[in-house]
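To be precise, the following lines are my_file11.txt, and they hold compact mmCIF, C-alpha atoms and all ligand atoms.
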```txt
# COMPACT_ATOMS: atom_id res chain seq x y z
CA MET N 1 88.52 120.65 70.44
CA ALA N 2 88.34 116.91 70.34
CA ILE N 3 86.31 114.08 71.75
CA ARG N 4 88.41 112.06 74.16
CA ASN N 5 88.15 108.37 74.93
CA ILE N 6 86.15 107.74 78.12
CA ARG N 7 87.85 105.26 80.43
CA GLU N 8 85.64 102.50 81.75
CA TYR N 9 85.18 100.71 85.07
CA GLY N 10 88.14 98.39 85.60
CA ASP N 11 90.64 100.92 84.22
CA GLU N 12 93.16 101.65 86.97
CA VAL N 13 93.22 105.36 86.20
CA LEU N 14 89.71 105.62 87.70
CA THR N 15 91.01 104.47 91.09
CA LYS N 16 93.78 107.06 91.46
CA LYS N 17 93.82 110.27 93.47
CA CYS N 18 94.14 113.31 91.19
CA LYS N 19 96.61 116.17 91.61
CA GLU N 20 95.75 119.82 92.12
CA VAL N 21 96.03 122.15 89.15
CA THR N 22 98.67 124.76 90.02
CA GLU N 23 98.51 126.94 86.92
CA MET N 24 96.36 127.45 83.87
CA THR N 25 98.15 126.50 80.68
CA PRO N 26 97.02 126.11 77.06
CA ARG N 27 97.15 122.37 77.61
CA VAL N 28 94.79 122.53 80.59
CA ARG N 29 92.43 124.84 78.65
CA ASP N 30 92.38 122.33 75.80
CA LEU N 31 91.65 119.53 78.26
CA ILE N 32 88.68 121.45 79.70
CA GLU N 33 87.28 122.20 76.21
CA ASP N 34 87.65 118.54 75.28
CA MET N 35 86.01 117.41 78.52
CA LEU N 36 82.96 119.58 77.80
CA GLU N 37 82.73 118.33 74.24
CA THR N 38 83.17 114.72 75.34
CA MET N 39 80.50 115.07 78.05
CA TYR N 40 77.95 116.61 75.66
CA GLU N 41 78.68 114.07 72.95
CA ALA N 42 78.06 111.25 75.43
CA ASN N 43 74.86 112.92 76.76
CA GLY N 44 76.36 113.07 80.22
CA VAL N 45 75.67 115.63 82.94
CA GLY N 46 79.19 115.57 84.30
CA LEU N 47 82.70 114.39 83.58
CA ALA N 48 85.88 114.31 85.65
CA ALA N 49 89.40 114.50 84.20
CA PRO N 50 90.41 110.96 85.28
CA GLN N 51 87.54 109.67 83.10
CA VAL N 52 89.57 110.82 80.10
CA GLY N 53 92.78 109.49 81.64
CA ILE N 54 94.13 112.73 83.14
CA LEU N 55 94.87 112.76 86.87
CA LYS N 56 94.07 116.41 87.48
CA ARG N 57 91.44 117.85 89.84
CA ILE N 58 89.09 119.17 87.17
CA VAL N 59 85.40 118.43 86.63
CA VAL N 60 82.78 119.72 84.23
CA ILE N 61 79.07 119.55 85.08
CA ASP N 62 75.97 120.58 83.15
CA VAL N 63 72.68 119.19 84.41
CA THR N 64 70.46 121.18 82.03
CA GLY N 65 72.52 121.12 78.84
CA GLU N 66 72.69 124.93 78.92
CA ASP N 67 74.60 125.72 82.07
CA PRO N 68 78.15 124.38 82.03
CA HIS N 69 80.17 124.56 85.23
CA ILE N 70 83.93 124.12 85.20
CA LEU N 71 85.43 123.36 88.59
CA ILE N 72 89.18 123.27 89.15
CA ASN N 73 90.49 121.96 92.49
CA PRO N 74 86.92 121.74 93.82
CA ARG N 75 86.09 121.05 97.42
CA ILE N 76 82.75 120.62 99.16
CA VAL N 77 82.41 123.08 102.03
CA GLU N 78 78.77 122.60 102.99
CA MET N 79 76.17 119.90 102.59
CA SER N 80 72.77 119.17 104.03
CA GLY N 81 69.72 116.99 103.65
CA GLU N 82 69.50 113.71 101.83
CA GLN N 83 68.25 112.39 98.51
CA THR N 84 68.05 108.80 97.33
CA GLY N 85 67.82 108.14 93.62
CA GLN N 86 69.18 106.69 90.40
CA GLU N 87 72.71 107.43 89.42
CA GLY N 88 74.81 106.47 86.43
CA CYS N 89 78.31 107.16 85.16
CA LEU N 90 79.79 107.49 81.69
CA SER N 91 82.56 105.17 82.86
CA VAL N 92 80.03 102.47 83.74
CA PRO N 93 77.98 102.34 80.54
CA GLY N 94 74.59 100.67 80.49
CA LYS N 95 74.26 100.51 84.27
CA SER N 96 72.62 102.51 87.01
CA GLY N 97 72.04 102.18 90.70
CA ILE N 98 70.45 103.78 93.72
CA VAL N 99 72.72 106.10 95.69
CA THR N 100 71.99 108.34 98.66
CA ARG N 101 73.60 111.79 98.49
CA PRO N 102 73.13 115.11 100.26
CA ASN N 103 70.28 117.14 98.78
CA TYR N 104 72.22 120.41 99.04
CA VAL N 105 75.90 120.96 98.40
CA LYS N 106 78.12 124.02 98.26
CA ALA N 107 81.51 123.68 96.61
CA VAL N 108 84.41 126.08 96.24
CA ALA N 109 86.77 125.82 93.29
CA MET N 110 88.76 127.82 90.75
CA ASP N 111 87.42 128.83 87.36
CA VAL N 112 89.37 128.72 84.07
CA ASN N 113 91.09 131.96 85.07
CA MET N 114 92.14 130.39 88.38
CA LYS N 115 89.81 132.77 90.23
CA PRO N 116 87.90 131.42 93.22
CA ILE N 117 84.26 130.53 92.60
CA GLU N 118 81.42 128.93 94.52
CA LEU N 119 78.82 126.56 93.20
CA GLU N 120 75.69 125.69 95.14
CA GLY N 121 73.26 123.03 94.04
CA THR N 122 70.31 120.98 95.11
CA GLU N 123 68.86 117.72 93.79
CA LEU N 124 70.52 116.61 90.51
CA LEU N 125 73.19 119.34 90.63
CA ALA N 126 74.10 118.41 94.22
CA ARG N 127 74.24 114.75 93.19
CA ALA N 128 76.44 115.55 90.19
CA ILE N 129 78.86 117.65 92.27
CA CYS N 130 79.27 114.80 94.78
CA HIS N 131 79.62 112.17 92.05
CA GLU N 132 82.22 114.10 90.05
CA LEU N 133 84.27 115.10 93.10
CA ASP N 134 84.39 111.45 94.15
CA HIS N 135 86.08 110.66 90.81
CA LEU N 136 88.96 112.99 91.77
CA ASP N 137 89.75 110.75 94.72
CA GLY N 138 89.44 107.55 92.74
CA HIS N 139 85.92 106.66 93.85
CA LEU N 140 83.05 105.49 91.67
CA TYR N 141 79.36 105.54 92.56
CA VAL N 142 79.29 101.74 92.29
CA GLU N 143 80.96 101.64 95.72
CA LYS N 144 77.92 103.41 97.19
CA VAL N 145 75.13 101.65 95.35
CA GLU N 146 72.29 100.29 97.44
CA GLY N 147 70.91 97.00 96.15
CA GLY N 148 73.31 96.41 93.27
CA LEU N 149 73.71 97.75 89.74
CA GLN N 150 70.88 97.52 87.24
CA ASP N 151 70.92 97.36 83.47
CA VAL N 152 69.44 100.41 81.84
CA THR N 153 68.33 101.47 78.42
CA TYR N 154 70.29 104.37 77.07
CA ASP N 155 67.66 106.81 75.87
CA ASP N 156 66.18 107.68 79.26
CA GLU N 157 69.40 107.69 81.20
CA GLU N 158 71.32 110.60 82.65
CA GLU N 159 74.90 109.68 83.21
CA GLU N 160 77.54 111.51 85.13
NI NI A 1 81.00 109.25 86.83
```
Same coordinates, now as structure tokens:
Amino acid sequence: MAIRNIREYGDEVLTKKCKEVTEMTPRVRDLIEDMLETMYEANGVGLAAPQVGILKRIVVIDVTGEDPHILINPRIVEMSGEQTGQEGCLSVPGKSGIVTRPNYVKAVAMDVNMKPIELEGTELLARAICHELDHLDGHLYVEKVEGGLQDVTYDDEEEE
């Protein structure tokens, strides 16, 4: 496993649409392991493959630090409600902003064995699912921020 370099806002790779994963290979497994390690090392709650420069539809999410979710080719199939709150991104270091997201989300995806899975979440998990899936289509939360980006201190920040 290895820590990968996190691409930052302004890097073109973050604006691209990612491609579906068609088969699990040792290379893709390594990528997923590295994404988890990179996310934990950066104290993030989520990371999408384009953030490490790989245009594949893969995200990792862990909002508690003890419950990693790996989603391959994820798609949101249900959402409801609304939440408005602070959001950050490992690709936009030192910043946060207010974003409105659904309060409940259900996603379908493949796991590391390319078996279909479902992930349901509310509150922070729902927010993280939406945020990470946006990355796969080249979108950053900064496009959705209400009232502009703010500077934040690092120690009390959760970044996605
Ligand atoms: Ni992000």
>> Hey, which residues sit close to ligand NI 1 (chain A)? Say within 7 Å, counting only C-alpha atoms and all ligand atoms, and write them as a PyMOL selection string.
In response: chain N and resi 47+88-91+131-132+135+140+160
> Using only C-alpha atoms, which of the listed residues (N:Leu14, N:Val77, N:Met110, N:Ile58) sits closest to His139 of chain N?
Replying inline: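 When distances to His139 of chain N are compared using only C-alpha atoms, the smallest one comes from N:Leu14.
For the choices N:Glu123, N:Asp62, N:Asp151, N:Glu23, the atom-to-atom distance to Met35 of chain N is smallest for N:Asp62 when using all atoms listed in the file.
Among N:Arg4, N:Asn103, N:Asp134, N:Thr153, the residue with the shortest atom-to-atom distance to Val59 of chain N, counting only C-alpha atoms, is N:Asp134.
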> Looking at N:Ile54, N:Ile117, N:Met79, N:Val92, which one is nearest to Val105 of chain N, with distances taken over all atoms listed in the file?
Replying inline: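 The shortest atom-to-atom distance to Val105 of chain N comes from N:Met79.
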>> Calculated over only C-alpha atoms, which of the candidates N:Gly138, N:Pro74, N:Gly44, N:Pro50 has the smallest distance to Glu118 of chain N?
In response: N:Pro74
> Can you list, as an MDAnalysis selection string, every protein, DNA or RNA residue that comes within 7 Å of Glu37 of chain N when you count all atoms listed in the file, leaving out same-chain residues fewer than 4 positions away?
Replying inline: chainID N and resid 2:3 33 41
Same residues, C-alpha atoms, saved as a CSV table (one decimal), keeping the file's coordinate frame:
```csv
chain,number,residue,atom,x,y,z
N,2,ALA,CA,88.3,116.9,70.3
N,3,ILE,CA,86.3,114.1,71.8
N,33,GLU,CA,87.3,122.2,76.2
N,41,GLU,CA,78.7,114.1,73.0
```
> So how far away is atom CA of Val45 of chain N from atom CA of Ile61 of chain N, in Å?
Replying inline: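 The value is 5.6 Å.
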> Could you work out how far atom CA of Leu124 of chain N lies from atom CA of Val63 of chain N, giving the answer in Å with one decimal?
Replying inline: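 Interatomic distance here is 7.0 Å.
With all atoms listed in the file as the basis for measurement, N:Val28 is the residue among N:Val52, N:Leu136, N:Val28, N:Leu149 that approaches Val112 of chain N most closely.
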>> Between atom CA of Asn73 of chain N and atom CA of Ile32 of chain N, what distance in Å does the model show, to one decimal?
In response: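 Between atom CA of Asn73 of chain N and atom CA of Ile32 of chain N the gap works out to 12.9 Å.
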Could the centre and edge lengths of an axis-aligned box, enclosing all atoms of segment 51-64 of chain N in the file with 6 Å extra on each side, be given in Å to one decimal as lines of an AutoDock Vina configuration file?
```
center_x = 82.7
center_y = 115.3
center_z = 85.0
size_x = 36.4
size_y = 23.7
size_z = 21.7
```
Using only C-alpha atoms, what table do you get, as CSV, when you list each residue of segment 62-135 of chain N with an atom no more than 7 Å from segment 142-145 of chain N, its nearest pair of atoms, and their distance in Å rounded to one decimal, rows by chain then rising number?
```
residue,atom,partner,partner_atom,distance
N:Gly97,CA,N:Val145,CA,5.6
N:Ile98,CA,N:Val145,CA,5.4
N:Val99,CA,N:Val145,CA,5.1
```
> What would the list of residues within 10 Å of (97.9, 107.6, 87.6) (file frame) look like as number ranges by chain, if all atoms listed in the file are what count?
Replying inline: N: 12-19, 50, 53-56, 138
> At most 12 Å from (86.3, 99.6, 77.0), file frame, all atoms listed in the file: which residues, as a ChimeraX atom specification?
Replying inline: /N:5-11,51,90-93
